[in-house]
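Notes follow the structure.
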Amino acid sequence: MSSLVLDALVALPALGALLAAAVPASGHRLVWFSLGLSTVVLGLSIGAWVAVVDSGPGFHFESDASWIEPIGVRWTLGLDSLSAPLVVVTALLSWCCLVSLVRRAPDCGGSRQLAALVLLIEAGSIGTFVALDLIVFFVFFELVLIPMWFVIADWGDSHDAEGRRRAATRFLVVTVVGSALVLVAFLLLRSETGSFDLTVVADRVRRIDHGRQVAIAALLLVGFGAKVPVWPLHFWLPDAHSKAPTVGSVLLAGVLLKLGTYGLLRFWYDVVPAGALEVAPYLGGLGVVGIVYGALACLAQPDLKRMVAYSSIGHMGFVALAISTMTPQGLLAANFANVAHGAITGLLFFLVGGLKDRLGGTTFDTIGRGLYGRAPRLAALFAVAAMASLGLPGLAGFWGEMLTMLAAFSPNPALPQTTYLVLMALAGLGVVLTTGYFVVAVRRICQGVGPGDSLSDVASDEWLAWAPLVLVTVGLGVAPMAMLWSADGGASLVSAVLSR
Amino acid sequence: MPILYPLVVSSLLFATGTYVVMARRHAVLVLMGVELMLNAVNLNLVTFDAYWHDSLDSGQVLALFTIAIAAAEIGLGLAIVLLVFRSRSSINVDELRELADRDEAPTA
Amino acid sequence: MTALLVVALPLLGAAVALVGGHRRRLVAPAAACVSCGAAWVCSLLVAAAHLGDAAPAVVGPYVIGTGGIPLQASLYVDQLSASMLLLATTVAVLVQIYSVAYLRGDPRYPSYAALVSIFTASMALVVVADDLFVLLVGWEAMGACSYFLISHHWELEEARAGAVKAFVMTRLGDVGLLFGIFVAGDAAGSYRITDVVQAASSGGIGRTQATAATLLLLCGIVGKSAQFPLHSWLPDAMPGPTPISALIHAATMVAAGVYLLARLLPLFMLSATTMTVLAVIAAVTMLGGALMALAADDLKRVLAWSTVSQLAYMFAALSIGGYSAGVLHLLSHGAFKALLFLAAGSVIHAVGSQRLDSMGGLRSSMPVTFATMTVGFAALAGLPPFVGFFSKDAVLGVAGEAAFHGDAQARAWLVLVVGLVVEVLTAAYATRAWLMMFFGRRRSDVARAEPHESPWFMSGPLLVLAILSTLGGVAVVRPGFLGVAPEPFHAATALVSLLAVAVGVAFSASEWWRLDGHDPSRRLGPLRPALAAELGYDRALMSAVLSPVRVAMRTVVASESDVVEPYARGVGTGASWANRFLRWLHNGDLQRYVTAIVFGAVAVAVVVGIVQ
């Protein structure tokens with residue numbers, strides 16, 4: 001059955017980006033236009049997700065057309081319960097970003113170009129999530145980088161033009177090097193199986209020599225690991241975040257990092273599980289190092305935005321640990337943690353951005369103490385987001401972390417059990433450290449006696465942009481089954497893959 | 001005739017040409033060295049053509065092609081030598097360092 | 001489904017208080033009191049149906065797949081949870097009413113009321129949850145509410161510090177709890193408490209697994225219930241508003257650890273190791289807590305240390321398998337300690353200070369507070385006919401029984417002897433605080449002119465709790481409603497413990513007279529300053545924990561700036577060095593190029609020749 005839903009999900013924002021960039025109309029009207037378009041995409045993606053949940057495991061809304069026939073590349077798209085939530089998160093975060101652009105033009109102007117770039121990132125990310133052809137996947141994977149480079153380099157920290165260029169370039173170089181390795185892995189797969197089609201490759205992969213499978217899994221690990229980022233390939237992230245504009249940070253943390261984890265999930269679990277089993281403990285170890293390392297780095301940060309950036313490294317460490325368990329449970333956990341991190345860290349970056357708008361900077365000294373008194377609602381939202389991020393049960397962050405540790409408690413039988421017990425315990429230590437730095441941050445900025453100025457509290461457009469994320473955070477925390485059920489289908493697909 | 005004779009001759013020719021290119025400073029002599037090397041290759045081509053009894057005589061064809069290219073090349077080369085000589089009244093290749101990638105102005 | 005309402009109603013109240021509380025002055029108090037009151041009514045309905053030997057009510061399960069053992073969201077109300085539910089909602093509703101007057105005019109009242117409501121819902125969830133993960137949700141949500149409420153006065157340094165400490169320390173324990181849940185669920189094949197208990201009683205869980213699971217669970221319990229070695233957060237949590245201390249840090253949240261242990265007692269009974277560890281922890285904590293309470297200068301710290309010590313009493317009972325004794329003491333302690341804290345709040349409200357030596361002679365100016373607090377102290381000290389006497393007697397009776405006839409005699413003797421010593425100390429510090437507050441001369445340096453009785457909104461709840469503390473003894477002697485075997489009155493231990501109480505009271509009272517109305521704890525001599533400084537435990541613990549973290553933190557920062565950053569930059573530097581090297585090679589000398597080419601070709605030919 002061929003369906004145009006996914007083509008529309010990719011094409012609408014892409015066309016919108018072209019229009020917003022090319023049509024000579026007033027910037028403001030075009031931002032509104034982009035927002036409308038992204039609302040349509042959001043509605044469509046939610047509908048698609050619901051449909052996928054209803055129809056069970058396997059790919060749905062498949063679309064297949066010829067593209068570059070001589071080398072066997074076909075335009076195949078499909079949505080399953082692994083990718084559907086990520087598509088929704090992408091659409092949601094883009095929508096929130098566009099809402100935040102409607103009233104608040106960036107300092108340096110160009111809000112319609114920025115809106116166009118946001119739409120382009122949305123198109124590329126959704127394309128990556130729904131691609132079922134290795135080359136289509138790769139094209140979209142790369143496509144996202146370029147608009148993000150512009151977002152960071154042109155709309156980034158206005159005080160430090162050179163620094164933002166350097167951060168943007170570093171981000172670009174590291175992730176391009178990573179994706180080059182991914183391309184090598186794809187070409188290896190093609191040469192061994194004779195196809196670029198994901199499902200065909202997954203079927204034929206057992207014919208591949210075991211050593212080659214391990215090599216492919218390792219290449220994918222390093223390639224996607226640079227994007228996730230897995231420690232020690234994380235060094236581009238804090239700089240990119242601290243120099244990026246709010247919109248950039250939100251999309252970077254909420255969407256771009258997920259491209260890496262999604263890639264690992266998709267290709268390790270569905271394509272080269274046997275090879276991945278050999279490499280998985282390394283990913284788990286690096287993930288846990290990332291958790292503890294990120295938390296310790298957070299404790300020492302003098303800058304709130306950098307702190308949130310480092311906390312991303314820790315959360316992505318949890319996702320990495322979940323992926324490395326190579327169990328259906330790990331897949332569920334990783335997917336849940338992906339979505340939860342997208343919503344929570346997106347919210348945190350929005351809040352930090354709100355503070356930056358009001359105070360002109362994000363260091364603890366610039367923000368000052370006593371936000372509870374100076375801007376009570378903003379501070380309360382920050383406290384809630386911090387609680388969610390530190391994994392308080394009842395909010396979304398907990399289930400991802402809990403399921404991750406549960407998966408690490410009983411990893412795939414082919415993996416070293418004791419190692420994973422140690423990893424689980426260290427992850428638990430990371431949870432405590434995470435709690436530590438978030439409550440210290442709350443104490444540092446929300447509590448205490450402030451300078452006595454009164455900041456403008458959360459404005460109505462900010463409520464509109466942030467409320468969906470708060471709702472997702474609380475909703476998924478109270479009713480985790482919303483995600484668990486939908487992903488269960490994916491898990492059964494994967495368990496079939498793992499058991500063969 | 002054993003194949004060894006022409007091959008030895010061609011090797012000697014090539015070695016002589018190489019030596020000239022490497023050791024002599026006069027640009028015209030360097031060009032002559034290049035010619036010697038080309039002709040050594042031509043000799044090889046013809047030799048192997050005859051040795052293998054190639055039905056298309058591709059070795060001979062390629063040798064003719066090389067001679068034509070060499071003629072063009074020597075014309076161009078001598079023209080360059082002339083231009084260089086005119087502009088700096090010396091054609092010592094040691095002193096022609098303009099192709100080096102330097103930040104400072106060329107010394108010669 | 002009524003049980004679900006107990007959880008849902010306070011949440012609704014919280015939402016209303018948060019949304020409307022800052023617009024209209026009456027919205028927040030009304031929402032808070034009405035929602036908690038409605039929850040109380042619901043819990044009364046639930047409890048009435050499930051006290052005695054009625055069958056437990058089960059809601060659910062609502063199965064949630066996790067790819068492994070599924071979560072089964074379900075509620076379970078039996079006698080234990082019904083009585084706990086009743087305790088929690090009763091104290092909660094009284095505290096809500098009390099807070100209306102206590103925090104009158106406080107601009108932060110709406111968020112405070114909302115947090116108390118959320119807390120009530122979380123506690124109710126812990127009590128009725130039948131799935132360990134659902135329980136964990138409530139458990140940690142309580143911790144977060146506690147964190148926010150301790151830092152209610154966030155402009156005070158010690159409130160901020162206490163909140164952070166409380167939260168981080170309990171979460172440290174909670175990680176253990178989480179892992180304990182993993183192990184227990186793995187061993188029992190289900191995360192439902194009923195299934196775990198079932199498996200434990202039917203021998204479905206091995207001894208090793210049980211020991212691992214219970215020791216891990218114990219971490220969380222010790223953290224939440226402020227037992228040694230994670231006890232020091234509770235006294236530091238006292239800068240929070242006093243009603244909070246009554247609700248969270250005396251009656252409910254800290255008792256949740258005891259509740260969980262009682263709930264999972266069959267699992268814990270499988271492991272003698274864990275029970276011994278528990279008995280030792282309980283003995284150390286109850287003795288230490290009572291000593292600290294004897295020396296503390298701050299009224300709320302006295303009560304906090306007393307809570308630590310009394311919680312240990314419950315753990316001591318449970319460690320020798322005294323299920324009903326432990327639970328009874330939990331319930332009675334909930335009533336009289338909430339009473340004590342609320343009355344202390346009333347005193348602090350009137351005097352404007354928490355220091356014991358700034359009080360005195362309050363008997364006449366605050367008659368209601370005096371009368372109710374006297375009941376509270378009498379119950380705490382274990383005087384008949386108040387509830388504390390009976391519940392402590394139950395604990396000591398079980399210990400005596402086990403010491404003479406049981407099979408774990410060492411443990412039982414430890415509990416019995418330390419328990420009696422603590423009886424003496426408890427009576428001593430209760431008498432000391434009582435005398436210093438209400439008798440003697442009024443201190444002239446007190447800021448407020450004339451302490452006066454608190455409004456009815458505050459003294460009403462005190463009276464209710466005082467009645468409960470007085471009449472509760474009846475229920476304790478006939479605890480059939482708990483579905484447990486009635487505790488026979490232990491005449492022998494009762495006599496010994498009465499003697500112990502008398503010694504304690506006599507000590508404080510005689511020193512009081514001897515020192516002419518000065519602090520009786522001066523008698524402790526050089527021990528007193530050490531105890532008042534809490535033996536330096538906290539500082540030692542903090543430096544032992546924080547300094548490695550600081551070192552690790554510095555290492556990370558250094559590695560970030562000296563290792564990671566350089567290798568990121570190193571890529572760029574490396575490229576530019578390569579560039580320079582290649583430029584140096586290209587010096588423009590054609591003949592050198594040719595030479596390089598010739599030698600390179602020869603080298604390649606030689607290498608190929610050798611390789612083939």
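Letters A, B, ... mark the chains of the structure tokens in the order given; residue numbers begin at 1 per chain; ligand numbers begin at 1, in order shown.
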
*Which of range 72-102 of chain A fall in strand (DSSP E), as a PyMOL selection string*: chain A and resi 73-79

*asked:* When you look at Ala433 in chain C with a cut-off of 10 Å (counting only C-alpha atoms), what residues show up, excluding the ones that are within fewer than 5 positions of it in the same chain? I need them as JSON, numbers by chain.
replied: {"C": [293, 294, 296, 297, 298, 299, 302, 303, 356, 357, 359, 360, 377, 428, 438, 439, 508, 519, 520]}

When the cut-off is 7 Å and we count only C-alpha atoms, which residues of chain C are near chain A, given as a PDB file with C-alpha atoms, in the first residue's frame?
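Result file selection.pdb:
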```pdb
ATOM      1  CA  ILE C  64       1.936  -1.792  31.195  1.00  0.00           C
ATOM      2  CA  GLY C  65       4.427  -3.637  29.028  1.00  0.00           C
ATOM      3  CA  THR C  66       8.102  -2.908  29.533  1.00  0.00           C
ATOM      4  CA  GLY C  67       9.504  -5.582  27.280  1.00  0.00           C
ATOM      5  CA  GLY C  68      10.301  -7.642  30.374  1.00  0.00           C
ATOM      6  CA  VAL C 137       6.439   7.234  42.107  1.00  0.00           C
ATOM      7  CA  GLU C 140       9.895  10.126  45.334  1.00  0.00           C
ATOM      8  CA  ALA C 141       7.144  12.633  44.666  1.00  0.00           C
ATOM      9  CA  TRP C 154      14.213  30.148  50.493  1.00  0.00           C
ATOM     10  CA  GLU C 155      15.803  33.381  51.544  1.00  0.00           C
ATOM     11  CA  LEU C 156      17.237  31.606  54.597  1.00  0.00           C
ATOM     12  CA  ARG C 160      18.227  26.129  51.279  1.00  0.00           C
ATOM     13  CA  VAL C 164      19.322  20.222  49.219  1.00  0.00           C
ATOM     14  CA  VAL C 168      20.119  14.399  47.795  1.00  0.00           C
ATOM     15  CA  ARG C 171      17.641  10.116  46.643  1.00  0.00           C
ATOM     16  CA  LEU C 172      20.896   8.370  47.399  1.00  0.00           C
ATOM     17  CA  VAL C 175      18.730   4.484  44.102  1.00  0.00           C
ATOM     18  CA  PHE C 182      14.674  -4.761  40.383  1.00  0.00           C
ATOM     19  CA  ALA C 552      36.356  14.165  40.624  1.00  0.00           C
ATOM     20  CA  MET C 553      34.709  17.384  39.540  1.00  0.00           C
ATOM     21  CA  VAL C 556      36.623  16.429  34.886  1.00  0.00           C
ATOM     22  CA  VAL C 557      36.942  20.162  34.433  1.00  0.00           C
ATOM     23  CA  VAL C 564      39.401  17.164  25.408  1.00  0.00           C
ATOM     24  CA  GLU C 565      39.686  20.749  24.260  1.00  0.00           C
TER      25      GLU C 565
END
```

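Around Ala27 in chain B, within 6 Å and counting only C-alpha atoms, the residues found are Leu29, Val30, Ile91 and Val93 of chain B, once anything fewer than 2 positions away on its own chain is removed.
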
*Name the residues in contact with range 85-90 of chain C at a cut-off of 7 Å, using only C-alpha atoms, excluding same-chain residues fewer than 5 positions from it; report them as a list of chain:residue names.*
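Final neighbour list, sorted by chain and number: C:Ala39, C:Trp40, C:Ser43, C:Leu44, C:Ala47, C:Thr120, C:Ala124, C:Val127, C:Thr252, C:Leu331.
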
*Kindly provide, as a PyMOL selection string, the residues of chain B having any atom no farther than 8 Å from an atom of chain C, counting only C-alpha atoms.*
chain B and resi 21-23+93-102

_In range 60-108 of chain B, DSSP helix (DSSP H, G or I) residues written as a PyMOL selection string_ = chain B and resi 60-88+93-95

*Tell me, as a list in words, which residues lie within 9 Å of Thr66 in chain B, counting only C-alpha atoms; anything in the same chain fewer than 4 positions away does not count.*
Leu38, Asn39, Val41, Asn42, Val61, Leu62, Ala70 and Ala71 of chain B

*asked:* What does the structure give for the distance between CA of Val503 in chain C and CA of Leu383 in chain C, in Å to one decimal?
replied: 12.3 Å

_Could you list, as a list of chain:residue names, every residue within 7 Å of Phe186 in chain A, counting only C-alpha atoms and ignoring same-chain residues fewer than 4 positions away?_
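My reading of the contact set: A:Leu134, A:Val182, A:Arg190.
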
Prev. selection, N, CA and C atoms, output as an mmCIF file, in the first residue's frame:
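Once everything was written out, this is again39.cif:
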```
data_model
loop_
_atom_site.group_PDB
_atom_site.id
_atom_site.type_symbol
_atom_site.label_atom_id
_atom_site.label_comp_id
_atom_site.auth_asym_id
_atom_site.auth_seq_id
_atom_site.Cartn_x
_atom_site.Cartn_y
_atom_site.Cartn_z
ATOM 1 N N LEU A 134 19.001 3.252 2.625
ATOM 2 C CA LEU A 134 20.203 3.728 3.289
ATOM 3 C C LEU A 134 20.665 5.069 2.749
ATOM 4 N N VAL A 182 29.643 6.477 8.801
ATOM 5 C CA VAL A 182 28.349 5.831 8.567
ATOM 6 C C VAL A 182 28.223 5.462 7.100
ATOM 7 N N ARG A 190 26.040 -2.448 1.396
ATOM 8 C CA ARG A 190 25.596 -2.560 0.008
ATOM 9 C C ARG A 190 26.449 -3.587 -0.733
#
```

*What is the distance between CA of Pro367 in chain C and CA of Val351 in chain C, in Å to one decimal?*
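Answer for the CA of Pro367 in chain C to CA of Val351 in chain C separation: 14.3 Å.
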
*Skipping near chain neighbours, those fewer than 3 positions away, what residues fall within 10 Å of Ala213 in chain C using only C-alpha atoms, listed as a list in words?*
Gly176, Leu177, Leu178, Phe179, Gly180, Ile181, Phe182, Val183, Ala184, Gly185, Asp186, Ala187, Arg207, Thr208, Gln209, Ala210, Leu216, Leu217, Leu218, Leu267, Phe268, Ser271 and Thr274 of chain C

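Of note, CA of Gly56 in chain A and CA of Thr76 in chain A are spaced 19.8 Å apart.
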